[in-house]
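See below for final.tsv, which holds TSV, C-alpha atoms.
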chain	number	residue	atom	x	y	z
A	1	MET	CA	0.00	0.00	0.00
A	2	LEU	CA	3.01	2.33	0.12
A	3	ASN	CA	2.81	2.93	-3.63
A	4	LYS	CA	-0.91	3.58	-3.28
A	5	LEU	CA	-0.48	6.33	-0.68
A	6	ALA	CA	2.55	7.77	-2.49
A	7	ALA	CA	0.48	8.10	-5.66
A	8	TRP	CA	-2.02	10.29	-3.80
A	9	ILE	CA	0.40	12.63	-2.02
A	10	THR	CA	1.34	14.69	-5.05
A	11	PRO	CA	1.93	18.31	-6.10
A	12	VAL	CA	-1.40	18.06	-7.93
A	13	ILE	CA	-3.15	17.62	-4.56
A	14	PHE	CA	-1.09	20.47	-3.07
A	15	LEU	CA	-2.24	22.94	-5.74
A	16	LEU	CA	-5.74	21.56	-6.17
A	17	SER	CA	-6.66	21.67	-2.48
A	18	ALA	CA	-5.73	25.36	-2.28
A	19	GLN	CA	-7.67	26.07	-5.47
A	20	ILE	CA	-10.81	24.44	-4.10
A	21	ALA	CA	-10.37	26.27	-0.79
A	22	ILE	CA	-10.15	29.71	-2.40
A	23	GLU	CA	-13.10	28.99	-4.73
A	24	HIS	CA	-15.38	27.08	-2.36
A	25	GLY	CA	-14.23	28.00	1.12
A	26	VAL	CA	-13.90	25.88	4.26
A	27	PHE	CA	-16.76	23.56	3.33
A	28	GLY	CA	-15.27	22.83	-0.08
A	29	LEU	CA	-11.85	22.06	1.38
A	30	LEU	CA	-13.19	19.82	4.15
A	31	GLY	CA	-15.49	18.01	1.72
A	32	PHE	CA	-12.63	17.52	-0.75
A	33	SER	CA	-10.41	16.06	1.99
A	34	PHE	CA	-13.13	13.84	3.45
A	35	LEU	CA	-14.16	12.40	0.07
A	36	GLY	CA	-10.55	11.62	-0.82
A	37	ALA	CA	-10.09	9.81	2.49
A	38	LEU	CA	-13.41	8.00	2.06
A	39	SER	CA	-12.36	6.72	-1.36
A	40	PHE	CA	-9.53	4.75	0.29
A	41	LEU	CA	-12.13	2.88	2.34
A	42	LEU	CA	-14.58	2.33	-0.51
A	43	ILE	CA	-11.93	0.85	-2.77
A	44	TYR	CA	-11.15	-1.74	-0.09
A	45	PHE	CA	-14.61	-3.26	-0.57
A	46	LEU	CA	-14.78	-2.76	-4.34
A	47	GLN	CA	-11.38	-4.26	-5.14
A	48	ARG	CA	-12.22	-7.42	-3.18
A	49	ARG	CA	-14.95	-8.21	-5.72
A	50	HIS	CA	-12.53	-8.02	-8.68
A	51	ARG	CA	-15.47	-7.34	-11.01
A	52	TYR	CA	-13.53	-4.75	-13.01
A	53	MET	CA	-11.27	-7.56	-14.18
A	54	LEU	CA	-14.14	-8.60	-16.51
A	55	LEU	CA	-13.32	-5.70	-18.85
A	56	ASP	CA	-11.70	-6.79	-22.10
A	57	GLU	CA	-8.09	-5.89	-22.83
A	58	LYS	CA	-8.78	-3.48	-25.71
A	59	PHE	CA	-11.22	-1.50	-23.59
A	60	LYS	CA	-8.77	-1.44	-20.68
A	61	SER	CA	-6.00	-0.24	-23.01
A	62	LEU	CA	-8.15	2.69	-24.10
A	63	ILE	CA	-8.90	3.62	-20.48
A	64	TYR	CA	-5.21	3.28	-19.56
A	65	VAL	CA	-4.15	5.71	-22.31
A	66	LEU	CA	-6.85	8.21	-21.26
A	67	LEU	CA	-5.65	7.97	-17.66
A	68	LEU	CA	-2.08	8.69	-18.76
A	69	PHE	CA	-3.32	11.69	-20.75
A	70	GLU	CA	-4.89	13.06	-17.55
A	71	ILE	CA	-1.78	12.41	-15.46
A	72	THR	CA	0.47	14.03	-18.07
A	73	ALA	CA	-1.78	17.09	-18.42
A	74	CYS	CA	-1.88	17.58	-14.63
A	75	THR	CA	1.90	17.16	-14.35
A	76	ILE	CA	2.57	19.70	-17.11
A	77	ASN	CA	0.12	22.11	-15.50
A	78	VAL	CA	1.87	21.86	-12.12
A	79	VAL	CA	5.32	22.42	-13.68
A	80	GLU	CA	3.97	25.39	-15.68
A	81	VAL	CA	2.48	27.00	-12.56
A	82	ILE	CA	5.65	26.59	-10.47
A	83	VAL	CA	8.01	27.79	-13.21
A	84	SER	CA	5.85	30.71	-14.40
A	85	LYS	CA	5.22	32.02	-10.88
A	86	SER	CA	8.83	31.53	-9.77
A	87	PHE	CA	10.57	32.76	-12.90
A	88	GLN	CA	13.14	34.77	-10.95
A	89	ASN	CA	14.37	31.46	-9.54
A	90	PHE	CA	14.25	29.65	-12.88
A	91	LEU	CA	17.91	28.60	-12.82
A	92	SER	CA	17.52	27.25	-9.29
A	93	ILE	CA	14.50	25.20	-10.43
A	94	ILE	CA	16.46	23.76	-13.36
A	95	ASN	CA	19.44	22.86	-11.16
A	96	VAL	CA	17.27	21.26	-8.51
A	97	SER	CA	15.33	19.29	-11.15
A	98	ILE	CA	18.49	17.94	-12.80
A	99	ILE	CA	20.01	16.86	-9.48
A	100	LEU	CA	16.80	15.22	-8.28
A	101	PHE	CA	16.30	13.47	-11.63
A	102	ILE	CA	19.77	11.95	-11.46
A	103	VAL	CA	19.28	10.89	-7.83
A	104	VAL	CA	15.91	9.27	-8.50
A	105	ILE	CA	17.13	7.42	-11.60
A	106	ILE	CA	20.24	6.07	-9.90
A	107	MET	CA	18.37	4.93	-6.80
A	108	PHE	CA	15.51	3.50	-8.88
A	109	LEU	CA	17.88	1.43	-11.02
A	110	GLN	CA	19.97	0.25	-8.07
A	111	SER	CA	17.08	-1.24	-6.15
A	112	LYS	CA	14.53	-3.88	-7.13
A	113	ASN	CA	12.43	-3.06	-4.09
A	114	ARG	CA	10.76	0.31	-4.63
A	115	ASN	CA	9.28	0.60	-1.15
A	116	TRP	CA	12.14	2.89	-0.10
A	117	LEU	CA	11.19	5.27	-2.93
A	118	TYR	CA	7.53	5.30	-1.88
A	119	VAL	CA	8.53	5.90	1.75
A	120	CYS	CA	10.67	8.88	0.70
A	121	MET	CA	7.81	10.29	-1.37
A	122	ILE	CA	5.31	9.95	1.48
A	123	ILE	CA	7.63	11.40	4.13
A	124	LEU	CA	8.70	14.30	1.94
A	125	GLY	CA	5.09	15.05	1.01
A	126	LEU	CA	3.99	15.02	4.66
A	127	ILE	CA	6.90	17.23	5.72
A	128	PHE	CA	6.02	19.71	3.00
A	129	SER	CA	2.30	19.74	3.82
A	130	PHE	CA	2.97	20.53	7.50
A	131	LEU	CA	6.19	22.54	7.41
A	132	ILE	CA	5.22	25.06	4.72
A	133	PRO	CA	1.90	26.20	6.28
A	134	THR	CA	3.60	26.42	9.68
A	135	LEU	CA	6.44	28.49	8.25
A	136	VAL	CA	4.08	30.82	6.40
A	137	TYR	CA	1.67	31.33	9.29
A	138	LEU	CA	4.46	32.05	11.76
A	139	LYS	CA	5.62	34.85	9.50
A	140	VAL	CA	2.24	36.54	9.02
A	141	SER	CA	0.22	35.61	12.10
A	142	ILE	CA	1.25	38.50	14.36
A	143	PRO	CA	0.86	41.26	11.72
A	144	THR	CA	-2.49	39.81	10.68
A	145	VAL	CA	-3.84	39.68	14.24
A	146	TYR	CA	-2.70	43.16	15.19
A	147	SER	CA	-3.95	44.71	11.95
A	148	GLY	CA	-7.49	43.76	12.91
A	149	LEU	CA	-7.94	42.00	9.55
A	150	HIS	CA	-10.56	39.26	9.46
A	151	PHE	CA	-8.72	36.05	8.65
A	152	LEU	CA	-11.72	34.26	7.17
A	153	ALA	CA	-14.02	36.22	4.91
A	154	ASN	CA	-17.75	35.53	5.23
A	155	ASP	CA	-17.95	33.88	1.81
A	156	MET	CA	-15.34	31.32	2.92
A	157	LEU	CA	-17.71	30.03	5.62
A	158	ARG	CA	-20.79	29.45	3.47
A	159	PHE	CA	-22.43	26.02	3.40
A	160	ASP	CA	-25.38	26.85	1.13
A	161	ASN	CA	-23.57	27.30	-2.20
A	162	HIS	CA	-25.18	24.81	-4.60
A	163	LEU	CA	-22.09	24.86	-6.84
A	164	THR	CA	-19.98	23.60	-3.95
A	165	TRP	CA	-22.41	20.73	-3.34
A	166	GLN	CA	-22.34	19.84	-7.03
A	167	LEU	CA	-18.55	19.97	-7.06
A	168	LEU	CA	-18.27	17.64	-4.06
A	169	VAL	CA	-20.51	15.05	-5.73
A	170	VAL	CA	-18.35	15.25	-8.85
A	171	ILE	CA	-15.13	15.08	-6.81
A	172	GLY	CA	-16.45	11.94	-5.13
A	173	VAL	CA	-17.03	10.34	-8.54
A	174	ILE	CA	-13.57	11.33	-9.76
A	175	PHE	CA	-11.81	10.15	-6.59
A	176	LEU	CA	-13.52	6.76	-6.65
A	177	SER	CA	-12.78	6.35	-10.36
A	178	HIS	CA	-9.12	7.17	-9.80
A	179	GLN	CA	-8.89	4.68	-6.96
A	180	ILE	CA	-10.35	1.88	-9.09
A	181	LEU	CA	-8.22	2.74	-12.12
A	182	TYR	CA	-5.06	2.80	-10.01
A	183	HIS	CA	-5.88	-0.65	-8.63
A	184	LEU	CA	-6.69	-1.91	-12.11
A	185	PHE	CA	-3.46	-0.75	-13.76
A	186	PHE	CA	-0.86	-0.39	-11.01
A	187	MET	CA	-1.75	-2.76	-8.16
A	188	LYS	CA	-2.72	-6.07	-9.75
A	189	ASN	CA	-0.85	-8.17	-7.22
A	190	GLU	CA	-1.42	-6.00	-4.16
A	191	SER	CA	-5.15	-6.27	-3.50
A	192	THR	CA	-4.90	-8.49	-0.40
A	193	ALA	CA	-4.07	-5.73	2.08
A	194	LYS	CA	-6.11	-5.66	5.28
A	195	PHE	CA	-8.70	-3.01	6.07
A	196	GLY	CA	-6.47	-1.45	8.73
A	197	ILE	CA	-3.90	-0.48	6.12
A	198	TYR	CA	-6.54	1.26	4.03
A	199	LEU	CA	-7.83	3.03	7.14
A	200	VAL	CA	-4.38	4.27	8.13
A	201	SER	CA	-3.72	5.45	4.55
A	202	SER	CA	-7.05	7.26	4.60
A	203	LEU	CA	-6.28	9.07	7.86
A	204	ILE	CA	-2.76	10.03	6.76
A	205	TRP	CA	-4.02	11.44	3.47
A	206	LEU	CA	-6.92	13.30	5.12
A	207	VAL	CA	-4.71	15.91	6.75
A	208	VAL	CA	-2.56	16.69	3.69
A	209	PRO	CA	-5.08	18.72	1.62
A	210	ILE	CA	-6.48	20.42	4.73
A	211	SER	CA	-3.03	21.63	5.74
A	212	ILE	CA	-1.93	22.86	2.32
A	213	GLY	CA	-5.39	24.11	1.36
A	214	SER	CA	-5.42	26.44	4.36
A	215	LEU	CA	-2.89	28.63	2.50
A	216	ALA	CA	-5.81	29.85	0.40
A	217	PHE	CA	-7.40	31.49	3.45
A	218	LEU	CA	-4.19	33.41	4.03
A	219	ALA	CA	-4.20	34.51	0.40
A	220	LYS	CA	-7.58	36.17	0.82
A	221	ALA	CA	-6.61	37.73	4.13
A	222	GLN	CA	-3.47	39.20	2.55
A	223	ALA	CA	-5.23	40.20	-0.69
A	224	ILE	CA	-3.29	37.86	-2.95
A	225	TRP	CA	-5.31	37.41	-6.13
A	226	PRO	CA	-3.88	34.88	-8.57
A	227	GLU	CA	-4.54	35.06	-12.29
A	228	LEU	CA	-5.70	31.44	-12.15
A	229	SER	CA	-6.95	29.96	-8.88
A	230	ASP	CA	-4.63	26.91	-8.91
A	231	GLN	CA	-1.65	29.28	-8.56
A	232	VAL	CA	-2.65	30.50	-5.11
A	233	SER	CA	-0.52	28.11	-3.00
A	234	VAL	CA	2.64	28.84	-5.02
A	235	LEU	CA	2.07	32.61	-4.79
A	236	VAL	CA	1.61	32.45	-1.01
A	237	ILE	CA	4.77	30.38	-0.56
A	238	ASN	CA	6.77	32.70	-2.83
A	239	GLN	CA	5.61	35.77	-0.89
A	240	PHE	CA	5.76	34.52	2.69
A	241	GLY	CA	7.86	31.34	2.64
A	242	GLY	CA	11.19	33.04	2.02
A	243	ALA	CA	14.14	31.34	0.34
A	244	PHE	CA	13.81	28.30	2.62
A	245	GLY	CA	10.13	27.81	1.83
A	246	GLN	CA	10.70	28.21	-1.90
A	247	THR	CA	13.53	25.68	-1.83
A	248	ILE	CA	11.32	23.16	0.00
A	249	LEU	CA	8.62	23.80	-2.61
A	250	TYR	CA	10.98	23.07	-5.52
A	251	VAL	CA	12.62	20.05	-3.93
A	252	THR	CA	9.37	18.43	-2.81
A	253	CYS	CA	7.32	19.04	-5.95
A	254	PHE	CA	10.00	18.07	-8.42
A	255	PHE	CA	11.13	15.04	-6.45
A	256	LEU	CA	7.55	13.77	-6.29
A	257	LEU	CA	6.86	14.54	-9.94
A	258	ILE	CA	10.07	12.88	-11.15
A	259	SER	CA	9.60	9.84	-8.92
A	260	GLN	CA	6.01	9.31	-10.04
A	261	SER	CA	6.99	9.83	-13.68
A	262	VAL	CA	9.70	7.19	-13.42
A	263	VAL	CA	7.28	4.68	-11.85
A	264	ILE	CA	4.57	5.38	-14.45
A	265	TRP	CA	7.09	5.22	-17.31
A	266	ASP	CA	8.28	1.81	-16.10
A	267	ASN	CA	4.66	0.57	-16.04
A	268	PHE	CA	3.92	2.12	-19.44
A	269	LYS	CA	7.02	0.58	-21.00
A	270	LYS	CA	5.91	-2.93	-20.03
A	271	ARG	CA	2.49	-2.45	-21.62
A	272	TYR	CA	3.45	-0.78	-24.88
A	273	GLN	CA	6.94	-1.97	-25.67
A	274	ASP	CA	6.18	-2.27	-29.41
A	275	LYS	CA	4.45	1.14	-29.76
A	276	LEU	CA	6.53	3.02	-27.20
A	277	PRO	CA	7.86	5.99	-29.27
A	278	PHE	CA	4.57	6.83	-31.01
A	279	ILE	CA	2.27	6.68	-27.98
A	280	SER	CA	4.75	8.36	-25.64
A	281	ILE	CA	5.13	11.32	-28.02
A	282	LEU	CA	1.35	11.72	-28.24
A	283	LEU	CA	1.01	11.49	-24.45
A	284	VAL	CA	3.42	14.39	-24.01
A	285	VAL	CA	2.83	16.62	-27.04
A	286	ILE	CA	-0.98	16.82	-26.97
A	287	PRO	CA	-1.33	17.72	-23.24
A	288	LEU	CA	1.61	20.12	-23.57
A	289	ILE	CA	-0.05	22.02	-26.40
A	290	ILE	CA	-3.41	22.14	-24.60
A	291	VAL	CA	-2.01	23.30	-21.24
A	292	LEU	CA	0.28	25.96	-22.72
A	293	THR	CA	-2.27	27.24	-25.25
A	294	PHE	CA	-5.38	27.55	-23.08
A	295	LYS	CA	-5.71	29.13	-19.65
A	296	ILE	CA	-6.94	26.10	-17.76
A	297	THR	CA	-6.55	25.06	-14.15
A	298	LEU	CA	-6.05	21.70	-12.51
A	299	LEU	CA	-9.73	21.58	-11.59
A	300	ASP	CA	-10.64	22.22	-15.24
A	301	ILE	CA	-8.54	19.23	-16.28
A	302	LEU	CA	-10.09	16.96	-13.66
A	303	LEU	CA	-13.61	18.03	-14.58
A	304	PHE	CA	-12.96	17.43	-18.28
A	305	PHE	CA	-11.72	13.91	-17.65
A	306	GLY	CA	-14.60	13.50	-15.21
A	307	LEU	CA	-16.80	13.52	-18.32
A	308	LEU	CA	-15.10	10.21	-19.13
A	309	TRP	CA	-14.72	8.74	-15.64
A	310	GLY	CA	-18.37	9.38	-14.71
A	311	PRO	CA	-19.82	7.13	-17.43
A	312	LEU	CA	-16.98	4.67	-16.85
A	313	LEU	CA	-17.67	4.26	-13.13
A	314	GLY	CA	-20.91	2.34	-13.57
A	315	VAL	CA	-19.28	0.10	-16.17
A	316	ILE	CA	-16.37	-0.70	-13.84
A	317	VAL	CA	-18.50	-1.34	-10.76
A	318	TRP	CA	-21.12	-3.44	-12.61
A	319	PRO	CA	-19.30	-4.79	-15.70
A	320	SER	CA	-21.06	-7.21	-18.01
A	321	HIS	CA	-19.58	-10.44	-19.34
A	322	LYS	CA	-20.60	-9.16	-22.77
A	323	HIS	CA	-17.90	-6.70	-23.80
A	324	LEU	CA	-20.15	-4.98	-26.34
A	325	ILE	CA	-22.52	-3.88	-23.56
A	326	ASN	CA	-19.65	-2.32	-21.57
A	327	ARG	CA	-18.44	-0.37	-24.58
A	328	PHE	CA	-21.94	0.69	-25.60
A	329	VAL	CA	-22.91	2.05	-22.16
A	330	PHE	CA	-19.60	3.88	-21.80
A	331	SER	CA	-19.86	5.43	-25.29
A	332	VAL	CA	-23.47	6.54	-24.83
A	333	GLY	CA	-22.64	7.88	-21.35
A	334	VAL	CA	-19.77	9.98	-22.73
A	335	LEU	CA	-22.01	11.28	-25.51
A	336	ILE	CA	-24.66	12.28	-22.96
A	337	ALA	CA	-21.98	13.96	-20.81
A	338	PHE	CA	-20.69	16.15	-23.66
A	339	ILE	CA	-24.20	17.09	-24.80
A	340	LEU	CA	-25.20	18.12	-21.26
A	341	THR	CA	-21.95	20.07	-20.92
A	342	ALA	CA	-22.88	22.11	-23.97
A	343	LEU	CA	-26.45	22.63	-22.76
A	344	TYR	CA	-25.96	23.07	-18.98
A	345	SER	CA	-22.65	22.60	-17.12
A	346	THR	CA	-19.79	20.15	-16.76
A	347	MET	CA	-20.72	19.17	-13.22
A	348	ILE	CA	-24.35	18.41	-14.07
A	349	ALA	CA	-23.13	16.41	-17.07
A	350	ILE	CA	-20.84	14.28	-14.91
A	351	VAL	CA	-23.54	13.56	-12.33
A	352	VAL	CA	-26.20	12.62	-14.91
A	353	SER	CA	-23.85	10.47	-17.03
A	354	THR	CA	-22.67	8.66	-13.90
A	355	LEU	CA	-26.23	7.89	-12.83
A	356	PHE	CA	-27.03	6.76	-16.37
A	357	SER	CA	-24.15	4.27	-16.51
A	358	PHE	CA	-24.95	2.91	-13.04
A	359	MET	CA	-28.63	2.44	-13.80
A	360	ILE	CA	-28.11	0.78	-17.20
A	361	MET	CA	-25.34	-1.54	-15.97
A	362	MET	CA	-27.41	-2.53	-12.91
A	363	ILE	CA	-30.36	-3.35	-15.17
A	364	PHE	CA	-28.17	-5.54	-17.37
A	365	HIS	CA	-26.59	-7.13	-14.29
A	366	TYR	CA	-29.86	-8.06	-12.57
A	367	ALA	CA	-31.53	-9.04	-15.84
A	368	GLY	CA	-28.65	-11.45	-16.44
A	369	SER	CA	-28.95	-12.80	-12.90
A	370	ILE	CA	-32.68	-13.43	-13.35
A	371	LYS	CA	-32.09	-15.28	-16.62
A	372	THR	CA	-29.38	-17.40	-15.01
A	373	TYR	CA	-31.70	-18.24	-12.11
A	374	GLU	CA	-34.52	-19.21	-14.47
A	375	LYS	CA	-32.22	-21.48	-16.47
A	376	ARG	CA	-31.11	-23.23	-13.28
A	377	GLU	CA	-34.73	-23.73	-12.22
A	378	VAL	CA	-35.60	-25.23	-15.60
A	379	PHE	CA	-32.53	-27.47	-15.42
A	380	HIS	CA	-33.41	-28.76	-11.93
A	381	LYS	CA	-37.04	-29.39	-12.87
A	382	GLY	CA	-35.95	-31.26	-16.00

Render the structure in this file as structure tokens.
Amino acid sequence: MLNKLAAWITPVIFLLSAQIAIEHGVFGLLGFSFLGALSFLLIYFLQRRHRYMLLDEKFKSLIYVLLLFEITACTINVVEVIVSKSFQNFLSIINVSIILFIVVIIMFLQSKNRNWLYVCMIILGLIFSFLIPTLVYLKVSIPTVYSGLHFLANDMLRFDNHLTWQLLVVIGVIFLSHQILYHLFFMKNESTAKFGIYLVSSLIWLVVPISIGSLAFLAKAQAIWPELSDQVSVLVINQFGGAFGQTILYVTCFFLLISQSVVIWDNFKKRYQDKLPFISILLVVIPLIIVLTFKITLLDILLFFGLLWGPLLGVIVWPSHKHLINRFVFSVGVLIAFILTALYSTMIAIVVSTLFSFMIMMIFHYAGSIKTYEKREVFHKG
């Protein structure tokens, strides 16, 4: 389970939690953290059924490539935010990245057991998530208190924003989908862990987004207004973290990104050895063009791919033995999601397409069970 937890303590979570906090306040941040922790517990029960193993290989290959597109787009977005908002320290970022890349590669190649790498990723991520907010708040707490400035604006304490409720439902769908997909593609031989391990992982992860996300409250109190909302945590650290805080930011984020990229590349290489150059170029070039051309945030990327993961969730949870049914429901669900996005909103589209896939797959599942039961009854009577 070390690789599982390491895959969820990432710079994407660091930036995304602060973005959700500044857009949706305390309730959004707490809901985001709780749903992420809850997904660790839900996957324990879902992965024990192994139903998602019924999906055919071609369909799983398509889903795997789409997942890598999402991971690559998020990674490029994080790098772009850090570099663009820390341009004065660009040479330092390059030097740190090169050194960390060499260190990770050497240590990765020297050891067959990767648990040490996952432990380093988890420890470094936890240190960052607790040390940086502490460092920043110690620097600004006294001036903020004595200035009489309200630390939490009224809009950060609202619980009646319907957009926040919609977002949390969608985040729950995306989190659960990610958990299942990670088990499907990266943890085939590690699904026998006990419930206690999942519970501990859930509790450890719970505090990470809450800690880092709280930087968004400081941004509002200090009137820091980012151009794009996923930049808020980096801007706060650059302004109040000092040279030490910025160095911790670079080291942590780039070590985690490089480590995860090496692990994913190793997994990708085993799956697509014969088509490696072509697919790898597409996986990098297309997300790179999209992220650098359009002003999109991490949440935008997750919501876009949520249009795919929503319809997929019902298919994965209730897969049919007939592969054509799985593909049909997924395709129709995606079509419904994009139509509703054009007519209403992305979040409504994800919710409706998810419900559609669940309902249709459950109907097929129980209809098949009834037919099987009837055949057995006929057989016994005969």

May I have the residues within 10 Å of A:Tyr182 as an NGL selection string, using all atoms listed in the file and disregarding those fewer than 6 positions away in the same chain?
:A and (4 or 7 or 64 or 67 or 176 or 188)

Go ahead and save the residues from that selection, with C-alpha atoms, as an mmCIF file, keeping the file's coordinate frame.
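Once written, out.cif looks like this:
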data_model
loop_
_atom_site.group_PDB
_atom_site.id
_atom_site.type_symbol
_atom_site.label_atom_id
_atom_site.label_comp_id
_atom_site.auth_asym_id
_atom_site.auth_seq_id
_atom_site.Cartn_x
_atom_site.Cartn_y
_atom_site.Cartn_z
ATOM 1 C CA LYS A 4 -0.910 3.580 -3.280
ATOM 2 C CA ALA A 7 0.480 8.100 -5.660
ATOM 3 C CA TYR A 64 -5.210 3.280 -19.560
ATOM 4 C CA LEU A 67 -5.650 7.970 -17.660
ATOM 5 C CA LEU A 176 -13.520 6.760 -6.650
ATOM 6 C CA LYS A 188 -2.720 -6.070 -9.750
#

Among listed residues A:Ala37, A:Ile82, A:Ala21, A:Met347, nearest A:Asn238 (using only C-alpha atoms)
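Closest to A:Asn238 of all the choices is A:Ile82.
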
Residues at most 8 Å from stretch 305-314 of chain A, counting only C-alpha atoms, excluding those fewer than 5 positions away in the same chain, as a PyMOL selection string?
chain A and resi 70+170+173-174+177+319+329-330+333-334+337-338+346+349-351+353-359+361

Using only C-alpha atoms for the distances, tell me which of A:Ile43, A:Ile71, A:Ala18, A:Val79 is nearest to A:Lys194.
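Among the listed residues, the smallest separation from A:Lys194 belongs to A:Ile43.
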
Give me the residues within 12 Å of A:Ser39 as a list in words, counting all atoms listed in the file and dropping any in the same chain fewer than 5 places off.
Leu5, Trp8, Phe32, Ser33, Phe34, Tyr44, Phe45, Leu46, Gln47, Ile171, Gly172, Val173, Ile174, Phe175, Leu176, Ser177, His178, Gln179, Ile180, Tyr182, Tyr198, Leu199, Ser201, Ser202, Leu203, Trp205 and Leu206 of chain A

What's the separation between atom CA of A:Ile123 and atom CA of A:Val208, in Å to one decimal place?
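Computing the Euclidean distance for atom CA of A:Ile123 and atom CA of A:Val208 yields 11.5 Å.
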
Report, in Å with one decimal, the straight-line distance from atom CA of A:Gln166 to atom CA of A:Cys74.
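Computed distance, atom CA of A:Gln166 to atom CA of A:Cys74, equals 21.9 Å.
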
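Nearest residue to A:Pro11 among A:Thr164, A:Ser129, A:Ser86, A:Ser61 is A:Ser129, counting all atoms listed in the file.
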
Judged by all atoms listed in the file, the minimum distance to A:Val119 among A:Leu2, A:Ala223, A:Leu302, A:Leu29 is found for A:Leu2

State, in Å with one decimal place, the distance from atom CA of A:Ala216 to atom CA of A:Gly28.
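It comes out at 11.8 Å.
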
Show me, as a list in words, the residues that have an atom within 10 Å of A:Ser214 when counting only C-alpha atoms, minus same-chain residues fewer than 6 positions from it.
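So, after excluding close chain neighbours, the residues are Ser17, Ala18, Ala21, Ile22, Gly25, Val26, Leu29, Pro133, Tyr137 and Ser233 of chain A.
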
What would the file look like if the residues just selected were written as a short mmCIF file (atom, residue, chain, number, x, y, z; two decimals), in the frame of the given file with C-alpha atoms?
data_model
loop_
_atom_site.label_atom_id
_atom_site.label_comp_id
_atom_site.auth_asym_id
_atom_site.auth_seq_id
_atom_site.Cartn_x
_atom_site.Cartn_y
_atom_site.Cartn_z
CA SER A 17 -6.66 21.67 -2.48
CA ALA A 18 -5.73 25.36 -2.28
CA ALA A 21 -10.37 26.27 -0.79
CA ILE A 22 -10.15 29.71 -2.40
CA GLY A 25 -14.23 28.00 1.12
CA VAL A 26 -13.90 25.88 4.26
CA LEU A 29 -11.85 22.06 1.38
CA PRO A 133 1.90 26.20 6.28
CA TYR A 137 1.67 31.33 9.29
CA SER A 233 -0.52 28.11 -3.00
#
